[in-house]
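Take a look at the structure below.
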Amino acid sequence: MNISLNFITAKDLLDTRNEYFATGIEGVDSLIGNIERGKVYLFYGDKEIIRILIHKLIIKGSATGKVAYLNNTDYYSRKNLIDFDLLSYYAKLENLDLDDLLKKVNFAAAYNEFRQPKAVNEFLKVINDEEIQLVIFDSIDTFLRDALNKKLAIKNLALSFYCLLKYCQLKSSALIISAEYDRLQNNLIPHFIFHSCHVAVFFRFKKGKVYAYVTKHYAKATSRKFIPIDDFQTMGRITPPFRQKYQSTLNLLQDKLMPLIRDQEYSKAFKNLVEVWDHEYAAMANSGIALVMDNLNFIANLHNKSKIDFLEKALEERDKKIHELESKIAKLEKVLEKILND
């Protein structure tokens with residue numbers, strides 16, 4: 001694709017590259033410094049830690065500038081989702097409004113290795129004229145794990161990566177790359193990505209704690225030593241409790257959506273659904289379904305199906321009684337007709 005070139009002075013370029021923001025996790029910031037524009041960062045390791053870090057970076061990045069987020073997700077086998085409940089939780093920790101932050105985030109996704117380069121190119125067309133301070137290329141290993149043609153998957157990843165890298169170099173944007181560490185398949189990060197990054201950090205869970213190991217840094221010496229990141233444990237919770245997300249979603253529906261509903265019957269139906277949801281709260285809290293709204297929709301569908309089944313059964317019983325009454329009436333009519341004829 002064609003990317004327009006706008007020349008600036010060397011001083012302006014240096015000033016731009018001096019712009020930075022923190023990850024919001026003190027242990028990580030003290031280990032690698034802040035996220036600087038013009039630099040490439042690789043964060044890889046245990047999935048849960050990487051998911052937390054990506055969500056934090058979306059919030060911290062959008063608090064000070066615009067963010068471009070590109071997800072690599074296999075819808076059928078390796079689904080990577082952005083948890084908007086989690087984003088909302090982290091936004092509240094920063095006393096920020098999630099709706100305002102999300103207006104500064106461009107989201108896109110590639111769903112397989114064949115469409116990945118096209119998804120990147122189309123995404124770059126969208127953000128080409130915007131002043132993006134942070135680009136996140138999430139879960140780059142997704143299509144490498146189960147690829148039927150691994151050589152092609154790596155080739156398409158290279159095309160996608162270098163397009164994003166070129167954009168970030170021209171725009172002086174920070175580029176963050178994430179990958180999951182699989183103990184069975186080990187590290188699937190191609191060498192060209194590791195060699196292109198300025199900072200690389202490996203994260204692991206060990207005995208209930210989060211540890212980080214800086215494998216590469218452009219300005220700091222690295223050591224083969226895992227450093228505990230204690231404030232991963234002091235961020236409140238790694239994920240907000242379901243009760244908090246559930247109540248937040250209900251409040252949003254009650255305060256923002258329901259006042260706009262015109263049909264009063266819908267308002268009555270909503271109150272009935274809230275009673276159903278509250279009754280099935282324990283099931284939803286332990287379902288393992290990530291989004292609260294998915295839980296609410298599923299329980300609402302079950303409730304509706306149970307009501308439909310009840311009505312169908314009631315109608316069948318009524319039809320049966322009507323049929324029995326019709327049979328009795330027919331018999332009585334025959335008796336009456338016989339009496340009259342006699």
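We name chains A, B, ... following the order of the structure tokens; residues begin at 1 in each chain, and ligands are numbered from 1 as shown.
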
Could you pull the residues within 12 Å of region 150-162 of chain A, counting only C-alpha atoms, minus those fewer than 2 positions along the same chain, as a PDB file with C-alpha atoms, in the first residue's frame?
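Writing done, so here's part35.pdb:
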ATOM      1  CA  MET A   1       0.000   0.000   0.000  1.00  0.00           C
ATOM      2  CA  VAL A  40       9.235  -2.085  19.170  1.00  0.00           C
ATOM      3  CA  LEU A  70      -5.028  -5.612  15.522  1.00  0.00           C
ATOM      4  CA  ASN A  72      -5.068 -12.352  15.400  1.00  0.00           C
ATOM      5  CA  ALA A 110      -7.468 -11.225  11.196  1.00  0.00           C
ATOM      6  CA  ASN A 112      -6.765 -16.835   9.569  1.00  0.00           C
ATOM      7  CA  GLU A 113      -3.246 -16.795   8.151  1.00  0.00           C
ATOM      8  CA  PHE A 114      -4.506 -16.397   4.587  1.00  0.00           C
ATOM      9  CA  ARG A 115      -6.350 -13.137   5.272  1.00  0.00           C
ATOM     10  CA  GLN A 116      -3.809 -11.729   7.720  1.00  0.00           C
ATOM     11  CA  PRO A 117      -1.804  -9.576   5.232  1.00  0.00           C
ATOM     12  CA  LYS A 118      -4.994  -8.211   3.679  1.00  0.00           C
ATOM     13  CA  ALA A 119      -6.427  -7.385   7.108  1.00  0.00           C
ATOM     14  CA  VAL A 120      -3.238  -5.488   7.978  1.00  0.00           C
ATOM     15  CA  ASN A 121      -3.212  -3.565   4.696  1.00  0.00           C
ATOM     16  CA  GLU A 122      -6.877  -2.593   5.008  1.00  0.00           C
ATOM     17  CA  PHE A 123      -6.303  -1.558   8.611  1.00  0.00           C
ATOM     18  CA  LEU A 124      -3.336   0.631   7.626  1.00  0.00           C
ATOM     19  CA  VAL A 135       0.050   0.004  17.561  1.00  0.00           C
ATOM     20  CA  ILE A 136      -0.687  -3.396  19.147  1.00  0.00           C
ATOM     21  CA  PHE A 137      -0.198  -6.545  17.052  1.00  0.00           C
ATOM     22  CA  ASP A 138      -1.797  -9.098  19.350  1.00  0.00           C
ATOM     23  CA  SER A 139      -1.286 -12.891  19.514  1.00  0.00           C
ATOM     24  CA  ILE A 140       1.053 -13.231  16.547  1.00  0.00           C
ATOM     25  CA  ASP A 141       1.515 -16.949  17.219  1.00  0.00           C
ATOM     26  CA  THR A 142      -2.172 -17.832  16.780  1.00  0.00           C
ATOM     27  CA  PHE A 143      -1.961 -18.988  13.160  1.00  0.00           C
ATOM     28  CA  LEU A 144       1.427 -20.672  13.533  1.00  0.00           C
ATOM     29  CA  ARG A 145       0.258 -23.333  15.969  1.00  0.00           C
ATOM     30  CA  ASP A 146      -2.296 -25.205  13.875  1.00  0.00           C
ATOM     31  CA  ALA A 147      -1.294 -24.054  10.385  1.00  0.00           C
ATOM     32  CA  LEU A 148      -1.591 -26.719   7.677  1.00  0.00           C
ATOM     33  CA  LEU A 164       3.128  -2.542  10.496  1.00  0.00           C
ATOM     34  CA  LEU A 165       6.787  -1.911  11.288  1.00  0.00           C
ATOM     35  CA  LYS A 166       7.143   0.417   8.288  1.00  0.00           C
ATOM     36  CA  TYR A 167       4.050   2.337   9.356  1.00  0.00           C
ATOM     37  CA  CYS A 168       5.335   2.688  12.929  1.00  0.00           C
ATOM     38  CA  GLN A 169       8.738   3.864  11.731  1.00  0.00           C
ATOM     39  CA  LEU A 175       4.709  -1.113  18.239  1.00  0.00           C
ATOM     40  CA  ILE A 176       3.770  -3.782  20.762  1.00  0.00           C
ATOM     41  CA  ILE A 177       3.740  -7.442  19.761  1.00  0.00           C
ATOM     42  CA  SER A 178       2.323 -10.190  21.944  1.00  0.00           C
ATOM     43  CA  LEU A 188       6.832 -20.061  18.218  1.00  0.00           C
ATOM     44  CA  ILE A 189       8.059 -16.494  17.750  1.00  0.00           C
ATOM     45  CA  PRO A 190       9.956 -16.207  14.440  1.00  0.00           C
ATOM     46  CA  HIS A 191      13.521 -14.893  14.622  1.00  0.00           C
ATOM     47  CA  PHE A 192      12.791 -11.871  12.413  1.00  0.00           C
ATOM     48  CA  ILE A 193      10.372 -10.511  15.017  1.00  0.00           C
ATOM     49  CA  PHE A 194      12.758 -11.012  17.916  1.00  0.00           C
ATOM     50  CA  SER A 196      13.438  -6.377  15.041  1.00  0.00           C
ATOM     51  CA  CYS A 197      12.290  -5.516  18.558  1.00  0.00           C
TER      52      CYS A 197
END

Per DSSP on the backbone, filter region 145-321 of chain A down to the residues in strand (DSSP E or B) and report them as a PyMOL selection string. chain A and resi 174-180+182+186+199-206+209-217+227-228

Using the selection just defined, write its residues with N, CA and C atoms as a PDB file, in the first residue's frame.
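Everything below was put into part_22.pdb:
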ATOM      1  N   ALA A 174       4.823   3.616  18.736  1.00  0.00           N
ATOM      2  CA  ALA A 174       5.312   2.440  19.459  1.00  0.00           C
ATOM      3  C   ALA A 174       4.582   1.218  18.919  1.00  0.00           C
ATOM      4  N   LEU A 175       5.310   0.133  18.720  1.00  0.00           N
ATOM      5  CA  LEU A 175       4.709  -1.113  18.239  1.00  0.00           C
ATOM      6  C   LEU A 175       4.875  -2.179  19.315  1.00  0.00           C
ATOM      7  N   ILE A 176       3.746  -2.726  19.754  1.00  0.00           N
ATOM      8  CA  ILE A 176       3.770  -3.782  20.762  1.00  0.00           C
ATOM      9  C   ILE A 176       3.277  -5.081  20.130  1.00  0.00           C
ATOM     10  N   ILE A 177       4.055  -6.128  20.307  1.00  0.00           N
ATOM     11  CA  ILE A 177       3.740  -7.442  19.761  1.00  0.00           C
ATOM     12  C   ILE A 177       3.554  -8.393  20.935  1.00  0.00           C
ATOM     13  N   SER A 178       2.537  -9.229  20.859  1.00  0.00           N
ATOM     14  CA  SER A 178       2.323 -10.190  21.944  1.00  0.00           C
ATOM     15  C   SER A 178       2.253 -11.601  21.391  1.00  0.00           C
ATOM     16  N   ALA A 179       2.629 -12.549  22.226  1.00  0.00           N
ATOM     17  CA  ALA A 179       2.561 -13.963  21.850  1.00  0.00           C
ATOM     18  C   ALA A 179       2.403 -14.798  23.106  1.00  0.00           C
ATOM     19  N   GLU A 180       1.779 -15.937  22.935  1.00  0.00           N
ATOM     20  CA  GLU A 180       1.554 -16.857  24.057  1.00  0.00           C
ATOM     21  C   GLU A 180       2.657 -17.902  24.108  1.00  0.00           C
ATOM     22  N   ASP A 182       3.548 -21.602  24.938  1.00  0.00           N
ATOM     23  CA  ASP A 182       2.926 -22.910  25.098  1.00  0.00           C
ATOM     24  C   ASP A 182       4.002 -23.899  25.539  1.00  0.00           C
ATOM     25  N   ASN A 186       6.481 -24.902  22.986  1.00  0.00           N
ATOM     26  CA  ASN A 186       7.559 -23.954  23.266  1.00  0.00           C
ATOM     27  C   ASN A 186       7.322 -22.631  22.534  1.00  0.00           C
ATOM     28  N   VAL A 199      12.855  -4.170  22.739  1.00  0.00           N
ATOM     29  CA  VAL A 199      12.682  -4.724  24.085  1.00  0.00           C
ATOM     30  C   VAL A 199      11.856  -6.002  23.980  1.00  0.00           C
ATOM     31  N   ALA A 200      12.295  -7.042  24.660  1.00  0.00           N
ATOM     32  CA  ALA A 200      11.542  -8.296  24.710  1.00  0.00           C
ATOM     33  C   ALA A 200      11.487  -8.776  26.154  1.00  0.00           C
ATOM     34  N   VAL A 201      10.275  -9.126  26.608  1.00  0.00           N
ATOM     35  CA  VAL A 201      10.086  -9.567  27.993  1.00  0.00           C
ATOM     36  C   VAL A 201       9.269 -10.848  28.000  1.00  0.00           C
ATOM     37  N   PHE A 202       9.743 -11.816  28.764  1.00  0.00           N
ATOM     38  CA  PHE A 202       9.067 -13.096  28.906  1.00  0.00           C
ATOM     39  C   PHE A 202       8.421 -13.156  30.288  1.00  0.00           C
ATOM     40  N   PHE A 203       7.112 -13.526  30.354  1.00  0.00           N
ATOM     41  CA  PHE A 203       6.359 -13.559  31.607  1.00  0.00           C
ATOM     42  C   PHE A 203       5.955 -14.993  31.929  1.00  0.00           C
ATOM     43  N   ARG A 204       6.030 -15.329  33.230  1.00  0.00           N
ATOM     44  CA  ARG A 204       5.622 -16.655  33.675  1.00  0.00           C
ATOM     45  C   ARG A 204       4.903 -16.582  35.019  1.00  0.00           C
ATOM     46  N   PHE A 205       3.962 -17.509  35.213  1.00  0.00           N
ATOM     47  CA  PHE A 205       3.375 -17.751  36.529  1.00  0.00           C
ATOM     48  C   PHE A 205       4.198 -18.834  37.214  1.00  0.00           C
ATOM     49  N   LYS A 206       4.656 -18.555  38.412  1.00  0.00           N
ATOM     50  CA  LYS A 206       5.381 -19.569  39.177  1.00  0.00           C
ATOM     51  C   LYS A 206       4.907 -19.504  40.627  1.00  0.00           C
ATOM     52  N   LYS A 209       2.701 -16.550  41.599  1.00  0.00           N
ATOM     53  CA  LYS A 209       3.219 -15.195  41.411  1.00  0.00           C
ATOM     54  C   LYS A 209       3.633 -14.988  39.960  1.00  0.00           C
ATOM     55  N   VAL A 210       3.687 -13.718  39.575  1.00  0.00           N
ATOM     56  CA  VAL A 210       4.090 -13.360  38.224  1.00  0.00           C
ATOM     57  C   VAL A 210       5.567 -12.978  38.226  1.00  0.00           C
ATOM     58  N   TYR A 211       6.304 -13.561  37.288  1.00  0.00           N
ATOM     59  CA  TYR A 211       7.724 -13.248  37.140  1.00  0.00           C
ATOM     60  C   TYR A 211       7.989 -12.797  35.702  1.00  0.00           C
ATOM     61  N   ALA A 212       8.962 -11.897  35.552  1.00  0.00           N
ATOM     62  CA  ALA A 212       9.334 -11.409  34.229  1.00  0.00           C
ATOM     63  C   ALA A 212      10.831 -11.567  34.021  1.00  0.00           C
ATOM     64  N   TYR A 213      11.187 -11.804  32.794  1.00  0.00           N
ATOM     65  CA  TYR A 213      12.589 -12.021  32.436  1.00  0.00           C
ATOM     66  C   TYR A 213      12.839 -11.219  31.162  1.00  0.00           C
ATOM     67  N   VAL A 214      13.687 -10.199  31.238  1.00  0.00           N
ATOM     68  CA  VAL A 214      14.007  -9.354  30.083  1.00  0.00           C
ATOM     69  C   VAL A 214      15.005 -10.099  29.206  1.00  0.00           C
ATOM     70  N   THR A 215      14.552 -10.514  28.037  1.00  0.00           N
ATOM     71  CA  THR A 215      15.427 -11.267  27.132  1.00  0.00           C
ATOM     72  C   THR A 215      16.160 -10.352  26.156  1.00  0.00           C
ATOM     73  N   LYS A 216      15.683  -9.108  26.025  1.00  0.00           N
ATOM     74  CA  LYS A 216      16.362  -8.163  25.140  1.00  0.00           C
ATOM     75  C   LYS A 216      15.995  -6.744  25.549  1.00  0.00           C
ATOM     76  N   HIS A 217      16.977  -5.843  25.538  1.00  0.00           N
ATOM     77  CA  HIS A 217      16.720  -4.433  25.816  1.00  0.00           C
ATOM     78  C   HIS A 217      17.779  -3.585  25.117  1.00  0.00           C
ATOM     79  N   ILE A 227      12.458 -11.872  37.500  1.00  0.00           N
ATOM     80  CA  ILE A 227      12.204 -10.851  38.517  1.00  0.00           C
ATOM     81  C   ILE A 227      10.729 -10.891  38.898  1.00  0.00           C
ATOM     82  N   PRO A 228      10.391 -10.981  40.185  1.00  0.00           N
ATOM     83  CA  PRO A 228       8.969 -10.974  40.576  1.00  0.00           C
ATOM     84  C   PRO A 228       8.322  -9.627  40.287  1.00  0.00           C
TER      85      PRO A 228
END

Please report, as a tab-separated table, each residue of region 289-333 of chain A lying at most 10 Å from region 262-285 of chain A, together with the nearest pair of atoms and the separation in Å rounded to one decimal; use only C-alpha atoms, and order rows by chain and ascending residue number.
residue	atom	partner	partner_atom	distance
A:Ile289	CA	A:Met284	CA	7.7
A:Ala290	CA	A:Ala285	CA	9.7
A:Val292	CA	A:Met284	CA	8.1
A:Asp294	CA	A:Met284	CA	9.5
A:Asn295	CA	A:Met284	CA	5.9
A:Leu296	CA	A:Trp277	CA	6.8
A:Asn297	CA	A:Trp277	CA	9.7
A:Phe298	CA	A:Met284	CA	9.3
A:Ile299	CA	A:Trp277	CA	6.9
A:Ala300	CA	A:Leu273	CA	6.7
A:His303	CA	A:Val276	CA	7.6
A:Asn304	CA	A:Leu273	CA	9.6

Filtering to N, CA and C atoms, could you give me those residues as an mmCIF file, in the first residue's frame?
data_model
loop_
_atom_site.group_PDB
_atom_site.id
_atom_site.type_symbol
_atom_site.label_atom_id
_atom_site.label_comp_id
_atom_site.auth_asym_id
_atom_site.auth_seq_id
_atom_site.Cartn_x
_atom_site.Cartn_y
_atom_site.Cartn_z
ATOM 1 N N ILE A 289 -18.088 -18.413 31.034
ATOM 2 C CA ILE A 289 -18.328 -17.554 29.875
ATOM 3 C C ILE A 289 -17.795 -16.170 30.199
ATOM 4 N N ALA A 290 -16.947 -15.625 29.310
ATOM 5 C CA ALA A 290 -16.188 -14.415 29.643
ATOM 6 C C ALA A 290 -17.061 -13.173 29.825
ATOM 7 N N VAL A 292 -20.303 -10.854 30.529
ATOM 8 C CA VAL A 292 -21.544 -10.858 31.299
ATOM 9 C C VAL A 292 -22.751 -10.877 30.372
ATOM 10 N N ASP A 294 -23.119 -12.117 27.450
ATOM 11 C CA ASP A 294 -23.352 -13.456 26.897
ATOM 12 C C ASP A 294 -24.090 -14.335 27.898
ATOM 13 N N ASN A 295 -23.713 -14.227 29.168
ATOM 14 C CA ASN A 295 -24.421 -14.962 30.224
ATOM 15 C C ASN A 295 -25.878 -14.532 30.297
ATOM 16 N N LEU A 296 -26.105 -13.200 30.278
ATOM 17 C CA LEU A 296 -27.471 -12.679 30.377
ATOM 18 C C LEU A 296 -28.316 -13.140 29.194
ATOM 19 N N ASN A 297 -27.733 -13.082 27.986
ATOM 20 C CA ASN A 297 -28.474 -13.503 26.796
ATOM 21 C C ASN A 297 -28.815 -14.989 26.856
ATOM 22 N N PHE A 298 -27.857 -15.803 27.312
ATOM 23 C CA PHE A 298 -28.092 -17.242 27.372
ATOM 24 C C PHE A 298 -29.196 -17.577 28.372
ATOM 25 N N ILE A 299 -29.130 -16.965 29.567
ATOM 26 C CA ILE A 299 -30.161 -17.226 30.585
ATOM 27 C C ILE A 299 -31.510 -16.713 30.114
ATOM 28 N N ALA A 300 -31.519 -15.541 29.447
ATOM 29 C CA ALA A 300 -32.777 -14.994 28.929
ATOM 30 C C ALA A 300 -33.380 -15.934 27.881
ATOM 31 N N HIS A 303 -34.833 -18.876 29.636
ATOM 32 C CA HIS A 303 -36.098 -18.480 30.267
ATOM 33 C C HIS A 303 -37.212 -18.410 29.226
ATOM 34 N N ASN A 304 -36.905 -17.774 28.086
ATOM 35 C CA ASN A 304 -37.908 -17.663 27.026
ATOM 36 C C ASN A 304 -38.311 -19.041 26.509
#

Counting only C-alpha atoms, what are the residues of region 188-246 of chain A within 7 Å of region 17-34 of chain A, and for each of them which pair of atoms is the nearest and at what distance in Å, to one decimal? Sort the table by chain and rising number, as a tab-separated table.
residue	atom	partner	partner_atom	distance
A:Ile229	CA	A:Gly27	CA	4.9
A:Asp230	CA	A:Gly27	CA	6.7
A:Asp231	CA	A:Gly27	CA	6.3

Take the residues from that selection and put them in a file with N, CA and C atoms, as a JSON list (two decimals), in the first residue's frame.
[["chain", "number", "residue", "atom", "x", "y", "z"],
["A", 229, "ILE", "N", 7.12, -9.66, 39.72],
["A", 229, "ILE", "CA", 6.34, -8.44, 39.46],
["A", 229, "ILE", "C", 5.20, -8.44, 40.48],
["A", 230, "ASP", "N", 5.50, -7.92, 41.66],
["A", 230, "ASP", "CA", 4.56, -8.04, 42.78],
["A", 230, "ASP", "C", 3.24, -7.32, 42.54],
["A", 231, "ASP", "N", 3.27, -6.17, 41.84],
["A", 231, "ASP", "CA", 2.02, -5.41, 41.72],
["A", 231, "ASP", "C", 1.04, -6.03, 40.73]]

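Using only C-alpha atoms for every distance, the candidate list A:Lys104, A:Lys334, A:His198, A:Lys313 yields A:Lys104 as the residue closest to Lys60 (chain A).
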
Which residue gives the smallest distance to Lys92 (chain A) among A:Leu315, A:Glu48, A:Ile59, A:Asp342, with only C-alpha atoms counted? A:Ile59

May I ask which of the residues A:Tyr41, A:Phe84, A:Phe226, A:Tyr90 is the closest one to Ala63 (chain A), counting only C-alpha atoms?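 Ranked by minimum distance to Ala63 (chain A), first place goes to A:Tyr90.
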
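In this model, the gap between CA of Gly61 (chain A) and CA of Gln247 (chain A) comes to 26.9 Å.
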
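Omitting Asp83 (chain A) and its sequence neighbours fewer than 3 positions away, and counting only C-alpha atoms, the residues within 10 Å are A:Arg51, A:Ile52, A:His55, A:Asn80, A:Leu86, A:Leu87, A:Ser88, A:Tyr89, A:Ala290, A:Leu291, A:Val292.
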
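Our summary of the geometry notes that CA of Ala108 (chain A) is positioned 17.0 Å from CA of Glu131 (chain A).
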
From A:Lys171, A:Lys225, A:Lys103, A:Lys328, residue lying nearest Glu130 (chain A) [only C-alpha atoms]: A:Lys171
